[in-house]
file run00.csv (CSV, C-alpha atoms and all ligand atoms)
chain,number,residue,atom,x,y,z
A,134,MET,CA,-4.2,-30.7,-9.5
A,135,ARG,CA,-7.6,-29.2,-9.0
A,136,SER,CA,-8.8,-25.8,-9.8
A,137,TYR,CA,-9.9,-23.5,-6.9
A,138,ARG,CA,-11.8,-20.2,-6.5
A,139,ASP,CA,-10.7,-17.2,-4.5
A,140,ASP,CA,-11.4,-13.5,-4.1
A,141,GLY,CA,-8.5,-11.6,-5.8
A,142,LEU,CA,-7.4,-8.0,-6.2
A,143,VAL,CA,-5.4,-7.3,-9.3
A,144,LEU,CA,-2.1,-5.7,-8.2
A,145,ARG,CA,-0.6,-5.4,-11.7
A,146,HIS,CA,-0.3,-7.2,-15.0
A,147,TYR,CA,2.1,-7.5,-17.9
A,148,ASN,CA,1.9,-8.8,-21.4
A,149,LEU,CA,2.9,-12.3,-22.4
A,150,GLY,CA,3.3,-13.2,-26.0
A,151,GLU,CA,0.8,-11.9,-28.5
A,152,ALA,CA,-2.5,-12.1,-26.7
A,153,ASP,CA,-1.9,-13.3,-23.1
A,154,ARG,CA,-1.2,-11.4,-20.0
A,155,ILE,CA,0.3,-12.3,-16.6
A,156,ILE,CA,-1.9,-11.1,-13.8
A,157,VAL,CA,-0.4,-10.6,-10.3
A,158,LEU,CA,-3.2,-11.2,-7.8
A,159,PHE,CA,-3.5,-10.7,-4.1
A,160,THR,CA,-6.0,-13.3,-3.1
A,161,ARG,CA,-7.8,-13.6,0.3
A,162,ARG,CA,-6.9,-17.2,1.0
A,163,HIS,CA,-3.9,-17.9,-1.2
A,164,GLY,CA,-1.9,-14.7,-0.8
A,165,LEU,CA,0.1,-13.6,-3.8
A,166,VAL,CA,-0.7,-15.6,-7.0
A,167,ARG,CA,0.7,-15.1,-10.5
A,168,ALA,CA,-1.6,-16.3,-13.1
A,169,VAL,CA,-1.9,-16.3,-16.9
A,170,ALA,CA,-5.0,-14.9,-18.5
A,171,LYS,CA,-5.0,-16.5,-22.0
A,172,GLY,CA,-6.3,-14.4,-24.9
A,173,VAL,CA,-7.1,-11.5,-22.6
A,174,ARG,CA,-5.8,-8.9,-25.0
A,175,ARG,CA,-7.9,-10.1,-27.9
A,176,GLN,CA,-10.9,-7.9,-28.7
A,177,ARG,CA,-13.5,-10.5,-27.9
A,178,SER,CA,-11.8,-12.0,-24.8
A,179,ARG,CA,-14.2,-13.6,-22.4
A,180,PHE,CA,-12.5,-11.9,-19.5
A,181,GLY,CA,-13.2,-8.4,-20.9
A,182,ALA,CA,-12.0,-5.6,-18.6
A,183,ARG,CA,-12.5,-7.8,-15.5
A,184,LEU,CA,-8.8,-8.2,-14.9
A,185,GLU,CA,-7.8,-4.6,-14.6
A,186,PRO,CA,-6.1,-3.1,-11.5
A,187,PHE,CA,-8.3,-1.8,-8.6
A,188,THR,CA,-10.8,-4.6,-9.3
A,189,ILE,CA,-11.9,-7.3,-6.9
A,190,SER,CA,-13.1,-10.5,-8.5
A,191,ASP,CA,-14.2,-14.0,-7.7
A,192,ILE,CA,-11.5,-15.9,-9.7
A,193,GLU,CA,-11.2,-19.5,-10.7
A,194,LEU,CA,-7.6,-20.6,-11.0
A,195,TYR,CA,-6.0,-23.8,-12.2
A,196,PRO,CA,-2.6,-24.3,-10.4
A,197,GLY,CA,0.5,-24.8,-12.5
A,198,ARG,CA,4.2,-25.4,-11.8
A,199,ASN,CA,5.2,-21.7,-12.1
A,200,LEU,CA,2.0,-19.9,-13.0
A,201,ALA,CA,-1.6,-20.6,-12.4
A,202,THR,CA,-4.1,-20.2,-15.2
A,203,ILE,CA,-7.2,-18.1,-14.9
A,204,THR,CA,-10.2,-20.0,-16.1
A,205,ASP,CA,-13.1,-17.9,-14.9
A,206,VAL,CA,-13.7,-14.4,-13.5
A,207,HIS,CA,-16.7,-12.6,-11.9
A,208,THR,CA,-16.3,-9.0,-10.9
A,209,ILE,CA,-17.3,-8.4,-7.3
A,210,GLU,CA,-16.4,-4.7,-7.2
A,211,THR,CA,-14.4,-2.4,-9.3
A,212,PHE,CA,-12.9,0.9,-8.2
A,213,ASN,CA,-11.0,1.4,-11.5
A,214,GLU,CA,-13.1,4.3,-12.9
A,215,ASN,CA,-13.1,6.4,-9.8
A,216,ILE,CA,-9.4,6.0,-9.4
A,217,VAL,CA,-8.0,6.4,-12.9
A,218,SER,CA,-10.2,9.5,-13.4
A,219,ASN,CA,-8.2,11.4,-10.8
A,220,TYR,CA,-4.4,11.7,-11.1
A,221,GLU,CA,-3.7,12.1,-7.4
A,222,ARG,CA,-5.9,9.1,-6.5
A,223,TYR,CA,-4.3,7.1,-9.2
A,224,THR,CA,-0.7,7.7,-8.2
A,225,ALA,CA,-1.5,7.0,-4.6
A,226,ALA,CA,-3.4,3.8,-5.5
A,227,MET,CA,-0.5,2.6,-7.7
A,228,ALA,CA,1.9,3.2,-4.8
A,229,LEU,CA,-0.5,1.3,-2.5
A,230,LEU,CA,-0.6,-1.7,-4.9
A,231,GLU,CA,3.1,-1.8,-5.3
A,232,ALA,CA,3.7,-1.5,-1.6
A,233,THR,CA,1.2,-4.3,-1.1
A,234,GLU,CA,3.0,-6.6,-3.4
A,235,ARG,CA,6.3,-6.1,-1.5
A,236,LEU,CA,4.5,-6.5,1.8
A,237,VAL,CA,2.8,-9.7,0.8
A,238,GLY,CA,6.2,-11.1,-0.2
A,239,GLU,CA,6.1,-14.8,-0.8
A,240,GLU,CA,3.6,-16.4,-3.1
A,241,GLY,CA,0.9,-18.6,-1.7
A,242,VAL,CA,0.9,-17.4,1.9
A,243,SER,CA,-2.5,-16.3,3.1
A,244,GLN,CA,-2.8,-12.9,4.7
A,245,PRO,CA,-6.5,-12.2,5.1
A,246,ALA,CA,-6.1,-9.2,7.4
A,247,LEU,CA,-3.7,-7.5,5.0
A,248,PHE,CA,-6.1,-8.4,2.2
A,249,ASP,CA,-9.0,-6.7,3.9
A,250,LEU,CA,-6.9,-3.7,4.8
A,251,THR,CA,-5.8,-3.3,1.2
A,252,VAL,CA,-9.3,-3.7,-0.3
A,253,GLY,CA,-10.6,-1.2,2.3
A,254,ALA,CA,-7.9,1.3,1.5
A,255,ILE,CA,-8.5,1.1,-2.3
A,256,GLY,CA,-12.3,1.5,-1.7
A,257,ALA,CA,-11.7,4.6,0.5
A,258,LEU,CA,-9.3,6.1,-2.1
A,259,ALA,CA,-11.9,5.5,-4.8
A,260,ALA,CA,-14.6,7.1,-2.7
A,261,GLY,CA,-12.4,10.2,-2.3
A,262,GLN,CA,-13.3,10.6,1.4
A,263,ARG,CA,-9.8,11.8,2.4
A,264,GLN,CA,-6.8,13.3,0.7
A,265,PRO,CA,-5.2,10.5,-1.3
A,266,GLN,CA,-1.8,11.1,0.3
A,267,GLN,CA,-3.4,10.7,3.8
A,268,MET,CA,-5.1,7.5,2.8
A,269,LEU,CA,-1.9,6.1,1.4
A,270,ASP,CA,0.1,7.0,4.5
A,271,THR,CA,-2.6,5.6,6.8
A,272,PHE,CA,-2.6,2.3,4.8
A,273,LEU,CA,1.2,2.0,4.9
A,274,LEU,CA,1.3,2.5,8.6
A,275,ARG,CA,-1.4,-0.1,9.2
A,276,ALA,CA,0.1,-2.5,6.7
A,277,MET,CA,3.5,-2.3,8.4
A,278,GLY,CA,1.7,-3.0,11.6
A,279,GLU,CA,0.2,-6.1,10.1
A,280,ALA,CA,3.7,-7.1,8.9
A,281,GLY,CA,4.9,-6.8,12.4
A,282,TRP,CA,7.2,-3.9,12.1
A,283,ALA,CA,5.1,-0.8,12.7
A,284,PRO,CA,7.4,2.2,13.5
A,285,GLU,CA,7.5,3.2,17.2
A,286,LEU,CA,5.8,6.6,17.4
A,287,SER,CA,5.1,7.2,21.1
A,288,LYS,CA,8.4,6.3,22.9
A,289,CYS,CA,12.1,5.9,22.2
A,290,ALA,CA,12.4,2.6,20.2
A,291,VAL,CA,15.6,1.8,22.1
A,292,CYS,CA,15.1,2.8,25.8
A,293,GLY,CA,11.3,3.2,25.9
A,294,ALA,CA,11.4,6.8,27.3
A,295,ALA,CA,8.1,8.5,26.6
A,296,GLY,CA,8.1,10.8,23.6
A,297,PRO,CA,7.8,12.9,21.7
A,298,HIS,CA,11.4,12.7,20.6
A,299,HIS,CA,13.0,14.4,17.6
A,300,PHE,CA,14.8,11.6,15.7
A,301,PHE,CA,13.8,8.7,13.6
A,302,HIS,CA,15.7,5.7,12.3
A,303,PRO,CA,14.1,2.7,10.6
A,304,ALA,CA,16.8,0.3,11.7
A,305,ALA,CA,16.2,1.3,15.4
A,306,GLY,CA,12.5,0.7,14.9
A,307,GLY,CA,11.2,4.2,14.6
A,308,MET,CA,11.3,7.3,16.8
A,309,VAL,CA,14.4,7.5,19.1
A,310,CYS,CA,15.6,9.9,21.8
A,311,SER,CA,18.6,12.1,21.4
A,312,GLN,CA,20.7,9.7,23.5
A,313,HIS,CA,19.9,6.6,21.4
A,314,ARG,CA,19.8,8.0,17.9
A,315,PRO,CA,22.0,6.0,15.5
A,316,PRO,CA,24.2,7.8,13.0
A,317,GLY,CA,22.2,8.8,10.0
A,318,SER,CA,18.9,9.3,12.0
A,319,ALA,CA,16.4,11.7,10.4
A,320,GLY,CA,15.2,14.7,12.4
A,321,MET,CA,11.5,14.8,13.3
A,322,MET,CA,9.9,18.2,13.3
A,323,GLY,CA,7.5,19.0,16.2
A,324,GLY,CA,4.1,17.5,15.7
A,325,VAL,CA,5.1,14.8,13.3
A,326,SER,CA,5.0,11.9,15.7
A,327,GLU,CA,1.5,13.0,16.8
A,328,TYR,CA,0.4,13.4,13.2
A,329,LEU,CA,1.7,9.9,12.3
A,330,GLN,CA,-0.1,8.4,15.3
A,331,ALA,CA,-3.3,10.2,14.2
A,332,LEU,CA,-3.0,8.7,10.7
A,333,ARG,CA,-2.3,5.2,12.0
A,334,ASP,CA,-5.4,5.4,14.3
A,335,ALA,CA,-7.5,7.1,11.6
A,336,ASN,CA,-8.0,9.9,14.1
A,337,TRP,CA,-9.0,12.4,11.3
A,338,ALA,CA,-9.9,15.2,13.6
A,339,THR,CA,-6.4,15.4,15.0
A,340,ALA,CA,-4.7,14.6,11.6
A,341,ASP,CA,-6.7,17.5,10.1
A,342,ALA,CA,-6.0,19.9,12.9
A,343,LEU,CA,-2.3,19.2,12.5
A,344,GLY,CA,-2.1,18.7,8.7
A,345,GLN,CA,-4.2,21.8,7.8
A,346,ASN,CA,-2.3,24.2,10.1
A,347,GLN,CA,-1.4,26.8,7.5
A,348,LYS,CA,2.1,27.4,8.8
A,349,ILE,CA,3.4,23.8,9.2
A,350,GLY,CA,0.7,21.5,7.7
A,351,LYS,CA,2.3,21.0,4.3
A,352,ARG,CA,5.8,20.3,5.8
A,353,LEU,CA,4.3,18.1,8.4
A,354,GLN,CA,2.5,15.9,5.8
A,355,LYS,CA,5.6,15.8,3.6
A,356,GLU,CA,7.9,14.8,6.5
A,357,ALA,CA,5.5,12.2,7.8
A,358,HIS,CA,5.3,10.6,4.3
A,359,ARG,CA,9.1,10.7,4.0
A,360,LEU,CA,9.5,8.8,7.3
A,361,ILE,CA,6.8,6.2,6.4
A,362,VAL,CA,8.5,5.5,3.1
A,363,ALA,CA,12.0,5.3,4.7
A,364,HIS,CA,10.7,2.8,7.2
A,365,LEU,CA,8.9,0.8,4.6
A,366,GLN,CA,11.8,0.8,2.2
A,367,TRP,CA,14.3,-0.2,4.9
A,368,HIS,CA,12.1,-3.1,5.9
A,369,THR,CA,11.2,-4.3,2.4
A,370,GLU,CA,14.8,-3.6,1.3
A,371,ARG,CA,13.5,-2.5,-2.0
A,372,LYS,CA,12.7,0.8,-3.5
A,373,ILE,CA,9.1,1.3,-4.2
A,374,THR,CA,9.2,3.1,-7.5
A,375,ALA,CA,5.5,4.0,-7.7
A,376,LEU,CA,6.0,6.0,-4.4
A,377,SER,CA,8.2,8.5,-6.2
A,378,PHE,CA,5.3,9.2,-8.7
A,379,ALA,CA,2.9,9.6,-5.8
A,380,ASP,CA,5.3,12.2,-4.3
A,381,GLU,CA,5.4,13.9,-7.7
A,382,ALA,CA,1.6,14.2,-7.8
A,383,GLU,CA,1.5,15.5,-4.3
A,384,ARG,CA,4.1,18.2,-5.1
A,385,SER,CA,2.2,19.4,-8.2
A,386,ARG,CA,-1.0,19.8,-6.3
A,401,ZN,ZN,16.3,6.3,24.1
call {"tool": "encode", "arguments": {"input": "run00.csv", "output": "structure tokens"}}
result
Amino acid sequence: MRSYRDDGLVLRHYNLGEADRIIVLFTRRHGLVRAVAKGVRRQRSRFGARLEPFTISDIELYPGRNLATITDVHTIETFNENIVSNYERYTAAMALLEATERLVGEEGVSQPALFDLTVGAIGALAAGQRQPQQMLDTFLLRAMGEAGWAPELSKCAVCGAAGPHHFFHPAAGGMVCSQHRPPGSAGMMGGVSEYLQALRDANWATADALGQNQKIGKRLQKEAHRLIVAHLQWHTERKITALSFADEAERSR
């Protein structure tokens, strides 16, 4: 087996033994890679802080049967400082990384479009251009589109009748009309499908006009997020625990 290099974003890490750490990487050309960073927790590790989350690096990996081994790391860009210094950004970014790991799924499958989308979203979060919750929701909508199961937002997902409609069910594929809503559908308040479309399209003027409406803005944002998470969770069939922390941070704002 030969070593290889790839650009990688650290999704998370956990300790192994006394001094090592397993790093879960999302790489541009090799998809999800789990790798050991030997001695990384020692004070004078040659890796230093280069394998922290929210960092994009050029990484040399030696493949193994279960785990690769990291043999060299050069930082390309780190967003760590700008993210961890702000609780709301941090919780949104953690949820983003956790969702990414679920969305990438299998190890070793290259998904360059999702990789670029993820790196772009982390960078935008770190830059603080938009509300972290909006950035997270925009990313999730686009990433679900990349995965091939974007929620239908403009017409009934069953019959195709033009919307807006007032019900939503992940199993049906998104927004549904009153005739085709499956049992257990969530209600959609007025404006939420337009708000979701604006987020997906990064149409900030419309998203802001709807989301900053004093009467309904907060509820609209909350409901939009709830529908996105329901859709994501139904499709990944796993609860994304970091998302509940992001919700917590949003509530305490
Ligand atoms: Zn219908």
call {"tool": "residues_near_ligand", "arguments": {"input": "run00.csv", "ligand": "ligand ZN 401 (chain A)", "cutoff": "12 Å", "atoms": "only C-alpha atoms and all ligand atoms", "output": "PyMOL selection string"}}
result
chain A and resi 285+287-302+305-315
call {"tool": "atom_distance", "arguments": {"input": "run00.csv", "atom1": "CA of Val325 (chain A)", "atom2": "CA of Thr339 (chain A)"}}
result
11.6 Å
call {"tool": "closest_residue", "arguments": {"input": "run00.csv", "among": "A:Ala304, A:Leu142, A:Leu274, A:Leu230", "to": "Ile209 (chain A)", "atoms": "all atoms listed in the file"}}
result
A:Leu142
call {"tool": "closest_residue", "arguments": {"input": "run00.csv", "among": "A:Pro265, A:Gly197, A:Pro303, A:Gly164", "to": "Glu370 (chain A)", "atoms": "all atoms listed in the file"}}
result
A:Pro303
call {"tool": "residues_around", "arguments": {"input": "run00.csv", "residues": "region 170-179 of chain A", "least_positions_apart": "6", "cutoff": "8 Å", "atoms": "only C-alpha atoms", "output": "PyMOL selection string"}}
result
chain A and resi 152-156+202-204
call {"tool": "closest_residue", "arguments": {"input": "run00.csv", "among": "A:Arg145, A:His163, A:Arg198, A:Arg135", "to": "Pro186 (chain A)", "atoms": "all atoms listed in the file"}}
result
A:Arg145
call {"tool": "atom_distance", "arguments": {"input": "run00.csv", "atom1": "CA of Tyr328 (chain A)", "atom2": "CA of Leu353 (chain A)"}}
result
7.8 Å
call {"tool": "closest_residue", "arguments": {"input": "run00.csv", "among": "A:Gln354, A:Gln330, A:Ser136, A:Thr188", "to": "Gln267 (chain A)", "atoms": "all atoms listed in the file"}}
result
A:Gln354
call {"tool": "residues_around", "arguments": {"input": "run00.csv", "residues": "region 243-247 of chain A", "least_positions_apart": "2", "cutoff": "9 Å", "atoms": "only C-alpha atoms", "output": "list in words"}}
result
Thr160, Arg161, Arg162, His163, Gly164, Leu165, Thr233, Leu236, Val237, Glu240, Gly241, Asp249, Leu250, Thr251, Val252, Arg275, Ala276, Glu279 and Ala280 of chain A
call {"tool": "closest_residue", "arguments": {"input": "run00.csv", "among": "A:Leu273, A:Val157, A:Asp139, A:Gln262", "to": "Thr208 (chain A)", "atoms": "only C-alpha atoms"}}
result
A:Asp139
call {"tool": "atom_distance", "arguments": {"input": "run00.csv", "atom1": "CA of Asp140 (chain A)", "atom2": "CA of Ile361 (chain A)"}}
result
28.8 Å
call {"tool": "closest_residue", "arguments": {"input": "run00.csv", "among": "A:Met268, A:Gly141, A:Asp205, A:Ser218", "to": "Ser190 (chain A)", "atoms": "all atoms listed in the file"}}
result
A:Gly141
call {"tool": "residues_near_point", "arguments": {"input": "run00.csv", "point": "(-16.3, -0.6, -6.4)", "cutoff": "9 Å", "atoms": "all atoms listed in the file", "output": "CSV table (one decimal) with C-alpha atoms, in the coordinates of the input"}}
result
chain,number,residue,atom,x,y,z
A,187,PHE,CA,-8.3,-1.8,-8.6
A,188,THR,CA,-10.8,-4.6,-9.3
A,189,ILE,CA,-11.9,-7.3,-6.9
A,209,ILE,CA,-17.3,-8.4,-7.3
A,210,GLU,CA,-16.4,-4.7,-7.2
A,211,THR,CA,-14.4,-2.4,-9.3
A,212,PHE,CA,-12.9,0.9,-8.2
A,213,ASN,CA,-11.0,1.4,-11.5
A,214,GLU,CA,-13.1,4.3,-12.9
A,215,ASN,CA,-13.1,6.4,-9.8
A,255,ILE,CA,-8.5,1.1,-2.3
A,256,GLY,CA,-12.3,1.5,-1.7
A,259,ALA,CA,-11.9,5.5,-4.8
A,260,ALA,CA,-14.6,7.1,-2.7
